[in-house]
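A quick write-up on the structure given underneath.
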Amino acid sequence: MPFIGAGLHILVALFFAVHAIRNRREMYWLLILFSFPLLGSVVYFFAIYMPSTRLEQNIGKAGKAVMGKLDPGRALRDAQNAFDLTPTAHNQTLLANAMLDAGMFKEAVAQFDACLRGPFANDPEIVFAAAHARLANGDSAAAITALEALRDRQPSFRPEQLGLLLARSYAAAGQHTQAGTAFAAVVERFNGIEARTEYVLWALARKDDALARAQLKELEHTRKHMNKYTLSLHADLFRRLDSALKSSQLA
């Protein structure tokens with residue numbers, strides 16, 4: 001029995017080692033995983049693997065929504081205070097993300113630019129967030145350049161989220177052929193709620209009623225079977241969709 005337990009620990013460590021190599025993580029993670037198979041796997045799961053999953057993202061969205069209602073400016077204040085007290089690259093990244101969440105897109109871009117000149121210049125999470133800020137600030141061309149480079153460099157990094165943000169960036173830049181291809185690819189591969197909703201919104205904006213109707217049929221079927229928690233996570237997105245539908249010929 002002890003041999004079986006040890007074997008499982010090694011298999012789990014191997015799984016995370018493959019994840020680390022595919023995502024180009026630092027090689028010291030391999031040393032940690034194989035030197036301490038059980039403890040190393042637990043640490044890797046919480047430090048690296050879980051933050052990249054949809055579960056972590058949904059938990060983060062829910063937490064931000066609750067805190068935003070209780071104290072709308074707290075996250076930004078805390079991030080600003082932390083950076084003022086200790087102006088490290090890590091705290092600057094937290095401040096940039098807080099500014100992005102607060103709708104301070106120009107300020108977020110400036111902070112992300114500073115982060116990308118520092119030790120985190122090639123960190124995929126920062127590159128991704130910086131591209132998001134640039135798109136929100138109206139610079140879709142810069143967002144496309146950053147996202148395409150990130151996709152080519154690390155194809156396994158958050159493929160659903162990156163593909164969707166790239167599709168939105170193409171649409172904002174008026175590159176509608178690329179946008180349609182990107183939206184379709186993300187929806188076909190992942191079938192996510194956000195991606196399909198954004199695809200419908202793009203189709204409605206393009207007055208492509210046939211495409212919008214086909215995607216909306218799939219989306220409404222999924223929406224009917226959502227629980228209250230899942231619906232609340234996508235409440236803002238669905239409000240945008242309902243508003244767009246009222247203004248369209250599909251209403």
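Numbering starts fresh at 1 for the residues of each chain in the structure tokens, the chains themselves are lettered A, B, ... in the order given, and ligands are numbered from 1 as they appear.
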
May I have a table of the residues of range 130-249 of chain A lying at most 12 Å from range 84-100 of chain A, giving each one's closest pair of atoms and their distance in Å to one decimal, counting only C-alpha atoms, ordered by chain and ascending residue number, as CSV?
residue,atom,partner,partner_atom,distance
A:Ala130,CA,A:Ala96,CA,8.5
A:Ala131,CA,A:Leu100,CA,10.9
A:His132,CA,A:Leu100,CA,8.3
A:Ala133,CA,A:Leu100,CA,6.2
A:Arg134,CA,A:Leu100,CA,9.8
A:Leu135,CA,A:Leu100,CA,10.9
A:Ala136,CA,A:Leu100,CA,8.5
A:Asn137,CA,A:Leu100,CA,9.7

Suppose we keep C-alpha atoms; can you now write the selection as a compact mmCIF listing (two decimals), in the first residue's frame?
# COMPACT_ATOMS: atom_id res chain seq x y z
CA ALA A 130 -1.84 44.93 -20.18
CA ALA A 131 -3.43 43.99 -23.51
CA HIS A 132 -6.85 44.10 -21.82
CA ALA A 133 -6.09 47.60 -20.54
CA ARG A 134 -4.94 48.75 -23.97
CA LEU A 135 -8.11 47.46 -25.61
CA ALA A 136 -10.25 49.16 -22.96
CA ASN A 137 -8.28 52.38 -23.53

Exercise. Could you name the residues that touch Leu116 in chain A at 10 Å or less, counting only C-alpha atoms, but leaving out those on the same chain fewer than 3 positions away, as a PyMOL selection string?
Worked result: chain A and resi 89+93+111-113+119-123+126-127+130

Write out the residues from the selection above, keeping N, CA and C atoms, as an mmCIF file, in the first residue's frame.
data_model
loop_
_atom_site.group_PDB
_atom_site.id
_atom_site.type_symbol
_atom_site.label_atom_id
_atom_site.label_comp_id
_atom_site.auth_asym_id
_atom_site.auth_seq_id
_atom_site.Cartn_x
_atom_site.Cartn_y
_atom_site.Cartn_z
ATOM 1 N N ALA A 89 7.685 45.755 -7.904
ATOM 2 C CA ALA A 89 7.043 45.388 -9.169
ATOM 3 C C ALA A 89 5.743 44.640 -8.917
ATOM 4 N N THR A 93 1.998 45.822 -10.098
ATOM 5 C CA THR A 93 1.095 44.976 -10.876
ATOM 6 C C THR A 93 -0.299 44.949 -10.258
ATOM 7 N N GLN A 111 0.701 52.084 -15.793
ATOM 8 C CA GLN A 111 1.272 51.213 -14.764
ATOM 9 C C GLN A 111 1.737 49.883 -15.373
ATOM 10 N N PHE A 112 0.959 49.334 -16.273
ATOM 11 C CA PHE A 112 1.360 48.080 -16.910
ATOM 12 C C PHE A 112 2.618 48.275 -17.756
ATOM 13 N N ASP A 113 2.721 49.421 -18.419
ATOM 14 C CA ASP A 113 3.924 49.693 -19.208
ATOM 15 C C ASP A 113 5.161 49.681 -18.312
ATOM 16 N N PRO A 119 11.128 43.316 -13.974
ATOM 17 C CA PRO A 119 11.426 41.873 -13.929
ATOM 18 C C PRO A 119 10.279 40.989 -14.417
ATOM 19 N N PHE A 120 9.075 41.545 -14.518
ATOM 20 C CA PHE A 120 7.926 40.764 -14.968
ATOM 21 C C PHE A 120 7.610 41.025 -16.451
ATOM 22 N N ALA A 121 8.604 41.470 -17.195
ATOM 23 C CA ALA A 121 8.369 41.881 -18.590
ATOM 24 C C ALA A 121 7.761 40.776 -19.441
ATOM 25 N N ASN A 122 8.100 39.530 -19.158
ATOM 26 C CA ASN A 122 7.590 38.415 -19.965
ATOM 27 C C ASN A 122 6.560 37.577 -19.220
ATOM 28 N N ASP A 123 6.060 38.082 -18.102
ATOM 29 C CA ASP A 123 5.051 37.342 -17.358
ATOM 30 C C ASP A 123 3.757 37.325 -18.160
ATOM 31 N N ILE A 126 0.704 39.342 -16.828
ATOM 32 C CA ILE A 126 0.835 40.795 -16.937
ATOM 33 C C ILE A 126 0.679 41.243 -18.386
ATOM 34 N N VAL A 127 1.264 40.495 -19.310
ATOM 35 C CA VAL A 127 1.109 40.823 -20.731
ATOM 36 C C VAL A 127 -0.366 40.766 -21.126
ATOM 37 N N ALA A 130 -2.223 43.686 -19.506
ATOM 38 C CA ALA A 130 -1.837 44.929 -20.184
ATOM 39 C C ALA A 130 -2.557 45.069 -21.523
#

Exercise. Can you tell me how far CA of Ala143 in chain A sits from CA of Ser169 in chain A, in Å to one decimal?
Worked result: 6.6 Å

For this session: Skip Ala185 in chain A itself and residues of its chain fewer than 2 positions away, then list as a ChimeraX atom specification all residues within 10 Å of it, counting only C-alpha atoms.
Result: /A:160,163-164,167,179-183,187-191,195

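The residue that comes closest to Gln249 in chain A, out of A:Ala79, A:Val186, A:Leu31, A:Ala212 and on the basis of only C-alpha atoms, is A:Ala212.
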
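Across A:Thr145, A:Thr177, A:Gln161, A:Ser243, the tightest approach to Glu125 in chain A is made by A:Gln161 when counting only C-alpha atoms.
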
Exercise. In range 88-239 of chain A, what's helix (DSSP H, G or I) per DSSP? Answer as a ChimeraX atom specification?
Worked result: /A:89-101,105-115,124-136,140-153,159-172,176-190,193-205,209-224,228-233,235-239

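Residue nearest Phe36 in chain A within the list A:Ala203, A:Ala13, A:Ala20, A:Leu166: A:Ala13 [criterion: smallest interatomic distance, only C-alpha atoms].
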